[in-house]
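Shown next: final-v3.cif, given as mmCIF, C-alpha atoms and all ligand atoms.
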data_target
#
loop_
_atom_site.label_atom_id
_atom_site.label_comp_id
_atom_site.auth_asym_id
_atom_site.auth_seq_id
_atom_site.Cartn_x
_atom_site.Cartn_y
_atom_site.Cartn_z
CA MET S 19 -104.23 144.67 -119.10
CA SER S 20 -101.66 147.11 -117.87
CA ASP S 21 -98.17 147.42 -116.49
CA LYS S 22 -99.27 149.97 -113.93
CA GLY S 23 -98.38 149.47 -110.28
CA ASN S 24 -100.86 148.27 -107.66
CA LEU S 25 -102.73 150.81 -105.57
CA ILE S 26 -102.72 149.60 -101.98
CA VAL S 27 -104.81 151.35 -99.37
CA LEU S 28 -103.77 150.63 -95.81
CA SER S 29 -106.25 151.75 -93.17
CA GLY S 30 -106.51 151.17 -89.48
CA PRO S 31 -106.75 153.25 -86.35
CA SER S 32 -103.90 155.48 -85.43
CA GLY S 33 -101.75 153.26 -83.20
CA SER S 34 -102.49 150.13 -85.25
CA GLY S 35 -98.90 150.15 -86.50
CA LYS S 36 -99.48 151.12 -90.16
CA GLY S 37 -96.21 153.04 -90.42
CA THR S 38 -94.11 150.32 -88.79
CA VAL S 39 -95.67 147.59 -90.90
CA ARG S 40 -95.17 149.64 -94.06
CA GLN S 41 -91.49 150.09 -93.21
CA ALA S 42 -91.15 146.33 -92.68
CA LEU S 43 -92.93 145.76 -96.01
CA GLY S 44 -90.27 147.91 -97.68
CA ARG S 45 -87.74 145.15 -96.89
CA TYR S 46 -89.74 142.70 -99.01
CA ARG S 47 -90.51 144.99 -101.93
CA ASN S 48 -88.21 147.46 -103.65
CA ASN S 49 -90.84 149.15 -105.81
CA LEU S 50 -93.02 150.66 -103.10
CA TYR S 51 -94.02 154.29 -103.26
CA TYR S 52 -95.37 155.75 -100.04
CA SER S 53 -97.76 158.64 -100.58
CA VAL S 54 -97.13 161.52 -98.16
CA SER S 55 -100.45 163.07 -97.12
CA ALA S 56 -101.28 166.67 -96.40
CA THR S 57 -102.80 167.48 -93.03
CA THR S 58 -103.88 170.43 -90.94
CA ARG S 59 -102.87 168.67 -87.70
CA ALA S 60 -99.75 169.97 -85.95
CA PRO S 61 -96.57 167.89 -86.24
CA ARG S 62 -95.82 165.50 -83.37
CA PRO S 63 -92.32 165.63 -81.92
CA GLY S 64 -89.93 164.12 -84.47
CA GLU S 65 -92.30 164.34 -87.43
CA VAL S 66 -90.77 165.94 -90.52
CA HIS S 67 -92.59 168.10 -93.09
CA GLY S 68 -92.50 166.34 -96.47
CA THR S 69 -91.57 162.96 -94.98
CA ASP S 70 -94.34 162.17 -92.50
CA TYR S 71 -96.90 164.68 -93.76
CA TYR S 72 -97.13 167.99 -95.54
CA PHE S 73 -98.24 170.15 -92.63
CA VAL S 74 -100.45 172.89 -94.04
CA SER S 75 -102.94 175.48 -92.78
CA ARG S 76 -106.70 175.04 -93.22
CA GLU S 77 -106.63 177.76 -95.90
CA GLU S 78 -103.88 175.97 -97.83
CA PHE S 79 -105.77 172.67 -97.56
CA GLU S 80 -109.00 174.23 -98.80
CA GLN S 81 -107.10 175.69 -101.76
CA MET S 82 -105.80 172.20 -102.59
CA ILE S 83 -109.40 170.89 -102.57
CA GLU S 84 -110.52 173.77 -104.81
CA ALA S 85 -107.68 173.17 -107.29
CA ASN S 86 -108.54 169.43 -107.48
CA GLU S 87 -105.05 168.57 -106.23
CA LEU S 88 -106.28 165.82 -103.91
CA LEU S 89 -107.10 162.25 -104.90
CA GLU S 90 -109.23 161.99 -101.76
CA TRP S 91 -109.61 163.90 -98.55
CA ALA S 92 -111.48 163.63 -95.28
CA GLU S 93 -111.97 165.29 -91.95
CA VAL S 94 -110.62 162.94 -89.29
CA TYR S 95 -111.04 163.99 -85.65
CA THR S 96 -111.15 167.77 -86.28
CA TYR S 97 -108.33 167.87 -88.82
CA TYR S 98 -108.22 167.64 -92.59
CA TYR S 99 -106.16 164.85 -94.19
CA GLY S 100 -105.74 164.28 -97.93
CA THR S 101 -103.68 162.52 -100.60
CA PRO S 102 -101.90 164.67 -103.20
CA ARG S 103 -103.11 163.32 -106.56
CA MET S 104 -100.24 163.90 -109.02
CA PRO S 105 -97.44 162.00 -107.23
CA VAL S 106 -99.72 158.95 -106.88
CA GLU S 107 -100.73 158.96 -110.56
CA ASP S 108 -97.09 159.43 -111.66
CA ALA S 109 -95.87 156.57 -109.46
CA LEU S 110 -98.61 154.20 -110.70
CA ASN S 111 -97.76 155.09 -114.32
CA GLN S 112 -94.11 154.26 -113.60
CA GLY S 113 -95.20 150.79 -112.46
CA LEU S 114 -94.56 151.40 -108.77
CA ASP S 115 -96.81 149.92 -106.10
CA VAL S 116 -98.35 152.83 -104.24
CA VAL S 117 -99.27 152.64 -100.55
CA LEU S 118 -101.81 155.09 -99.15
CA GLU S 119 -102.13 155.14 -95.36
CA ILE S 120 -105.54 156.73 -95.04
CA ASP S 121 -108.76 156.46 -93.05
CA VAL S 122 -111.93 154.62 -94.03
CA GLN S 123 -113.68 157.66 -95.54
CA GLY S 124 -110.67 158.25 -97.82
CA ALA S 125 -110.35 154.55 -98.66
CA LEU S 126 -113.94 154.42 -99.91
CA GLN S 127 -113.37 157.50 -102.09
CA VAL S 128 -110.29 155.85 -103.61
CA LYS S 129 -112.26 152.65 -104.33
CA GLU S 130 -114.88 154.74 -106.18
CA ARG S 131 -112.20 156.20 -108.46
CA PHE S 132 -109.96 153.14 -108.78
CA ASN S 133 -112.01 149.97 -108.62
CA GLU S 134 -108.82 147.89 -108.76
CA ALA S 135 -107.45 149.46 -105.53
CA VAL S 136 -106.75 146.86 -102.84
CA LEU S 137 -108.18 147.83 -99.46
CA ILE S 138 -106.38 146.40 -96.43
CA PHE S 139 -107.42 147.05 -92.84
CA LEU S 140 -104.86 146.69 -90.06
CA LEU S 141 -105.98 146.18 -86.45
CA PRO S 142 -104.26 145.48 -83.17
CA PRO S 143 -105.58 142.28 -81.51
CA THR S 144 -107.84 144.14 -79.02
CA PRO S 145 -109.10 147.68 -78.31
CA GLU S 146 -107.31 147.45 -74.94
CA GLU S 147 -104.02 146.87 -76.74
CA LEU S 148 -104.71 149.83 -79.02
CA GLY S 149 -105.32 152.03 -75.94
CA ALA S 150 -102.08 150.82 -74.37
CA ARG S 151 -100.11 151.53 -77.57
CA LEU S 152 -101.53 155.04 -77.84
CA LYS S 153 -100.72 155.76 -74.19
CA GLY S 154 -97.26 154.24 -74.59
CA ARG S 155 -96.21 156.51 -77.44
CA LYS S 156 -96.92 159.55 -75.24
CA THR S 157 -97.74 161.83 -78.17
CA ASP S 158 -101.45 162.39 -77.54
CA ALA S 159 -103.38 163.85 -74.61
CA PRO S 160 -105.79 161.45 -72.75
CA GLU S 161 -108.89 163.02 -74.33
CA GLU S 162 -107.28 162.71 -77.80
CA ILE S 163 -106.61 159.01 -77.07
CA GLN S 164 -110.25 158.54 -76.07
CA THR S 165 -111.40 160.18 -79.34
CA ARG S 166 -109.06 157.93 -81.34
CA LEU S 167 -110.39 154.79 -79.61
CA GLU S 168 -114.00 155.75 -80.27
CA TRP S 169 -113.11 156.57 -83.89
CA ALA S 170 -111.44 153.16 -84.25
CA LYS S 171 -114.59 151.35 -83.14
CA ARG S 172 -116.62 153.31 -85.69
CA GLU S 173 -114.12 152.42 -88.44
CA VAL S 174 -114.26 148.71 -87.57
CA LYS S 175 -117.98 148.75 -88.43
CA LEU S 176 -117.00 149.41 -92.07
CA LEU S 177 -114.62 146.46 -92.28
CA ASN S 178 -116.87 144.66 -94.75
CA ARG S 179 -115.99 147.30 -97.37
CA TYR S 180 -112.34 146.12 -97.28
CA ASN S 181 -110.72 143.31 -99.24
CA TYR S 182 -108.43 142.11 -96.44
CA LEU S 183 -108.04 142.29 -92.65
CA ILE S 184 -104.64 141.92 -91.02
CA ILE S 185 -104.37 141.56 -87.24
CA ASN S 186 -101.10 143.16 -86.27
CA ASP S 187 -99.89 140.99 -83.41
CA ASN S 188 -96.43 140.77 -84.97
CA VAL S 189 -95.02 143.42 -87.33
CA GLU S 190 -92.91 141.04 -89.42
CA GLU S 191 -95.79 138.59 -89.89
CA ALA S 192 -98.19 141.40 -90.79
CA ALA S 193 -95.71 142.72 -93.39
CA LYS S 194 -95.25 139.22 -94.84
CA ARG S 195 -99.01 138.79 -95.20
CA ILE S 196 -99.38 142.13 -96.96
CA ASN S 197 -96.52 141.19 -99.26
CA SER S 198 -98.39 137.97 -100.16
CA ILE S 199 -101.53 139.97 -100.87
CA ILE S 200 -99.63 142.29 -103.24
CA GLU S 201 -98.06 139.29 -104.99
CA ALA S 202 -101.47 137.68 -105.46
CA GLU S 203 -103.08 140.91 -106.65
CA GLY S 204 -100.31 141.30 -109.25
CA CYS S 205 -101.34 137.93 -110.73
CA ARG S 206 -104.86 139.06 -111.54
CA PRO S 207 -105.34 138.89 -115.31
CA PHE S 208 -105.97 142.63 -115.76
CA CYS S 209 -102.73 143.45 -113.89
CA GLN S 210 -100.42 141.76 -116.37
CA CYS S 211 -99.01 142.61 -119.78
CA LEU S 212 -99.85 139.69 -122.02
CA ASN S 213 -97.72 138.97 -125.05
CA SER S 214 -99.79 140.26 -127.97
CA ASN S 215 -99.20 136.99 -129.89
CA TRP S 216 -101.64 135.35 -127.47
CA LEU S 217 -104.35 137.58 -128.84
CA ASP S 218 -103.84 136.90 -132.59
P1 LIG V 1 -102.55 160.57 -87.43
O1 LIG V 1 -103.02 161.93 -86.99
O2 LIG V 1 -102.54 159.60 -86.28
O3 LIG V 1 -101.27 160.60 -88.19
O4 LIG V 1 -103.63 160.02 -88.47
C1 LIG V 1 -104.96 160.02 -88.12
C2 LIG V 1 -105.78 159.26 -89.14
O5 LIG V 1 -105.78 159.97 -90.37
C3 LIG V 1 -105.27 157.87 -89.45
O6 LIG V 1 -106.38 156.99 -89.50
C4 LIG V 1 -104.66 158.02 -90.80
O7 LIG V 1 -104.71 156.83 -91.55
C5 LIG V 1 -105.57 159.06 -91.42
N1 LIG V 1 -104.93 159.71 -92.57
C6 LIG V 1 -103.63 160.05 -92.72
N2 LIG V 1 -103.42 160.59 -93.93
C7 LIG V 1 -104.62 160.59 -94.57
C8 LIG V 1 -105.06 161.01 -95.86
O8 LIG V 1 -104.30 161.49 -96.70
N3 LIG V 1 -106.37 160.86 -96.15
C9 LIG V 1 -107.26 160.33 -95.25
N4 LIG V 1 -108.52 160.20 -95.64
N5 LIG V 1 -106.89 159.90 -94.02
C10 LIG V 1 -105.58 160.03 -93.69
#
Could you quickly redo this structure as structure tokens?
Amino acid sequence: MSDKGNLIVLSGPSGSGKGTVRQALGRYRNNLYYSVSATTRAPRPGEVHGTDYYFVSREEFEQMIEANELLEWAEVYTYYYGTPRMPVEDALNQGLDVVLEIDVQGALQVKERFNEAVLIFLLPPTPEELGARLKGRKTDAPEEIQTRLEWAKREVKLLNRYNYLIINDNVEEAAKRINSIIEAEGCRPFCQCLNSNWLD
């Protein structure tokens, strides 16, 4: 039994709408903590250091690994991505629900360390739609888009390791479903503080 927050892992190919759905989810829940990852990829236009990612060099990232500062990390496409450990642990201890937007490799590492983590996979309705979304946002070169599509198909093969699948055909509906999942997870017996008089 604990009054710690829920640890929610949201995975899905880049272009599946994780960020948009998470923002919509924020309108349903006021205790969400979004974990900002570190990455060695270059910022896209409009991305802000410390808000979207911590943009770091490969050397800096490798130092973070060495110093055990990352809860999980993975090499995705040719870049490193990882979750800073301390902010997540602090937020969980404060009772906040923590959302990690990370890939499948990272999600499985988190599940190893936190068995109670809730793994949610978000997918667009079809691969064709994913391709169209990636092209539409005009931030990635055609060969980068091709890599991301192939990566997505590989990730889908590991869907059975997840607790939930959400098809993102409508952002608001997807956010509502994730909100319901968090509500239900919070009702699991080990997630609740029980009045000690029940245990006399
Ligand atoms: P993007 O470059 O499109 O922002 O992200 C590429 C992929 O890296 C996405 O699948 C995203 O979920 C994943 N990713 C982002 N941050 C992290 C992280 O901290 N750890 C891991 N393992 N994957 C991450």
Item to check | Selection near Tyr71 (chain S), 8 Å with only C-alpha atoms, sequence-local residues under 5 positions removed, as a PyMOL selection string | outcome: chain S and resi 54-57+65-66
Item to check | Within 8 Å of ligand LIG 1 (chain V) (all atoms listed in the file), residues as a PyMOL selection string | outcome: chain S and resi 28-33+36+54-57+59+71+90-95+98-102+118-125
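Separating CA of Thr157 (chain S) from CA of Arg62 (chain S) is a distance of 6.6 Å.
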Item to check | Given only C-alpha atoms as the counted atoms, nearest of S:Ala202, S:Ser34, S:Gly44, S:Leu89 to Ala150 (chain S) | outcome: S:Ser34
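Residue nearest Asn48 (chain S) within the list S:Glu130, S:Glu161, S:Glu146, S:Asp115: S:Asp115 [criterion: smallest interatomic distance, only C-alpha atoms].
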Please produce region 58-84 of chain S, completed to N, CA and C atoms, as a PDB file, in the frame of the given file.
ATOM      1  N   THR S  58    -103.855 169.164 -91.687  1.00  0.00           N
ATOM      2  CA  THR S  58    -103.880 170.430 -90.940  1.00  0.00           C
ATOM      3  C   THR S  58    -103.509 170.181 -89.468  1.00  0.00           C
ATOM      4  N   ARG S  59    -103.269 168.906 -89.096  1.00  0.00           N
ATOM      5  CA  ARG S  59    -102.870 168.670 -87.700  1.00  0.00           C
ATOM      6  C   ARG S  59    -101.429 169.131 -87.495  1.00  0.00           C
ATOM      7  N   ALA S  60    -101.116 169.505 -86.260  1.00  0.00           N
ATOM      8  CA  ALA S  60     -99.750 169.970 -85.950  1.00  0.00           C
ATOM      9  C   ALA S  60     -98.797 168.779 -85.931  1.00  0.00           C
ATOM     10  N   PRO S  61     -97.531 168.999 -86.301  1.00  0.00           N
ATOM     11  CA  PRO S  61     -96.570 167.890 -86.240  1.00  0.00           C
ATOM     12  C   PRO S  61     -96.373 167.386 -84.812  1.00  0.00           C
ATOM     13  N   ARG S  62     -96.214 166.064 -84.679  1.00  0.00           N
ATOM     14  CA  ARG S  62     -95.820 165.500 -83.370  1.00  0.00           C
ATOM     15  C   ARG S  62     -94.307 165.625 -83.262  1.00  0.00           C
ATOM     16  N   PRO S  63     -93.781 165.539 -82.048  1.00  0.00           N
ATOM     17  CA  PRO S  63     -92.320 165.630 -81.920  1.00  0.00           C
ATOM     18  C   PRO S  63     -91.644 164.607 -82.835  1.00  0.00           C
ATOM     19  N   GLY S  64     -90.678 165.040 -83.600  1.00  0.00           N
ATOM     20  CA  GLY S  64     -89.930 164.120 -84.470  1.00  0.00           C
ATOM     21  C   GLY S  64     -90.498 164.013 -85.873  1.00  0.00           C
ATOM     22  N   GLU S  65     -91.728 164.446 -86.083  1.00  0.00           N
ATOM     23  CA  GLU S  65     -92.300 164.340 -87.430  1.00  0.00           C
ATOM     24  C   GLU S  65     -91.709 165.427 -88.337  1.00  0.00           C
ATOM     25  N   VAL S  66     -91.467 165.048 -89.590  1.00  0.00           N
ATOM     26  CA  VAL S  66     -90.770 165.940 -90.520  1.00  0.00           C
ATOM     27  C   VAL S  66     -91.703 166.308 -91.674  1.00  0.00           C
ATOM     28  N   HIS S  67     -91.779 167.602 -91.974  1.00  0.00           N
ATOM     29  CA  HIS S  67     -92.590 168.100 -93.090  1.00  0.00           C
ATOM     30  C   HIS S  67     -92.049 167.496 -94.400  1.00  0.00           C
ATOM     31  N   GLY S  68     -92.931 166.909 -95.191  1.00  0.00           N
ATOM     32  CA  GLY S  68     -92.500 166.340 -96.470  1.00  0.00           C
ATOM     33  C   GLY S  68     -92.128 164.872 -96.375  1.00  0.00           C
ATOM     34  N   THR S  69     -91.899 164.381 -95.150  1.00  0.00           N
ATOM     35  CA  THR S  69     -91.570 162.960 -94.980  1.00  0.00           C
ATOM     36  C   THR S  69     -92.745 162.238 -94.322  1.00  0.00           C
ATOM     37  N   ASP S  70     -93.202 162.793 -93.197  1.00  0.00           N
ATOM     38  CA  ASP S  70     -94.340 162.170 -92.500  1.00  0.00           C
ATOM     39  C   ASP S  70     -95.657 162.703 -93.059  1.00  0.00           C
ATOM     40  N   TYR S  71     -95.722 163.993 -93.201  1.00  0.00           N
ATOM     41  CA  TYR S  71     -96.900 164.680 -93.760  1.00  0.00           C
ATOM     42  C   TYR S  71     -96.409 165.976 -94.383  1.00  0.00           C
ATOM     43  N   TYR S  72     -97.269 166.580 -95.213  1.00  0.00           N
ATOM     44  CA  TYR S  72     -97.130 167.990 -95.540  1.00  0.00           C
ATOM     45  C   TYR S  72     -98.040 168.713 -94.547  1.00  0.00           C
ATOM     46  N   PHE S  73     -97.451 169.448 -93.639  1.00  0.00           N
ATOM     47  CA  PHE S  73     -98.240 170.150 -92.630  1.00  0.00           C
ATOM     48  C   PHE S  73     -98.654 171.501 -93.198  1.00  0.00           C
ATOM     49  N   VAL S  74     -99.965 171.678 -93.376  1.00  0.00           N
ATOM     50  CA  VAL S  74    -100.450 172.890 -94.040  1.00  0.00           C
ATOM     51  C   VAL S  74    -101.556 173.537 -93.184  1.00  0.00           C
ATOM     52  N   SER S  75    -101.863 174.798 -93.497  1.00  0.00           N
ATOM     53  CA  SER S  75    -102.940 175.480 -92.780  1.00  0.00           C
ATOM     54  C   SER S  75    -104.293 175.050 -93.378  1.00  0.00           C
ATOM     55  N   ARG S  76    -105.373 175.364 -92.687  1.00  0.00           N
ATOM     56  CA  ARG S  76    -106.700 175.040 -93.220  1.00  0.00           C
ATOM     57  C   ARG S  76    -106.932 175.753 -94.552  1.00  0.00           C
ATOM     58  N   GLU S  77    -106.453 176.992 -94.644  1.00  0.00           N
ATOM     59  CA  GLU S  77    -106.630 177.760 -95.900  1.00  0.00           C
ATOM     60  C   GLU S  77    -105.901 177.060 -97.046  1.00  0.00           C
ATOM     61  N   GLU S  78    -104.650 176.647 -96.776  1.00  0.00           N
ATOM     62  CA  GLU S  78    -103.880 175.970 -97.830  1.00  0.00           C
ATOM     63  C   GLU S  78    -104.579 174.674 -98.255  1.00  0.00           C
ATOM     64  N   PHE S  79    -105.111 173.943 -97.245  1.00  0.00           N
ATOM     65  CA  PHE S  79    -105.770 172.670 -97.560  1.00  0.00           C
ATOM     66  C   PHE S  79    -107.004 172.931 -98.419  1.00  0.00           C
ATOM     67  N   GLU S  80    -107.769 173.933 -98.040  1.00  0.00           N
ATOM     68  CA  GLU S  80    -109.000 174.230 -98.800  1.00  0.00           C
ATOM     69  C   GLU S  80    -108.673 174.655-100.231  1.00  0.00           C
ATOM     70  N   GLN S  81    -107.532 175.330-100.394  1.00  0.00           N
ATOM     71  CA  GLN S  81    -107.100 175.690-101.760  1.00  0.00           C
ATOM     72  C   GLN S  81    -106.756 174.433-102.564  1.00  0.00           C
ATOM     73  N   MET S  82    -106.139 173.455-101.891  1.00  0.00           N
ATOM     74  CA  MET S  82    -105.800 172.200-102.590  1.00  0.00           C
ATOM     75  C   MET S  82    -107.077 171.491-103.041  1.00  0.00           C
ATOM     76  N   ILE S  83    -108.114 171.521-102.187  1.00  0.00           N
ATOM     77  CA  ILE S  83    -109.400 170.890-102.570  1.00  0.00           C
ATOM     78  C   ILE S  83    -109.958 171.610-103.804  1.00  0.00           C
ATOM     79  N   GLU S  84    -109.992 172.930-103.724  1.00  0.00           N
ATOM     80  CA  GLU S  84    -110.520 173.770-104.810  1.00  0.00           C
ATOM     81  C   GLU S  84    -109.821 173.477-106.133  1.00  0.00           C
TER      82      GLU S  84
END
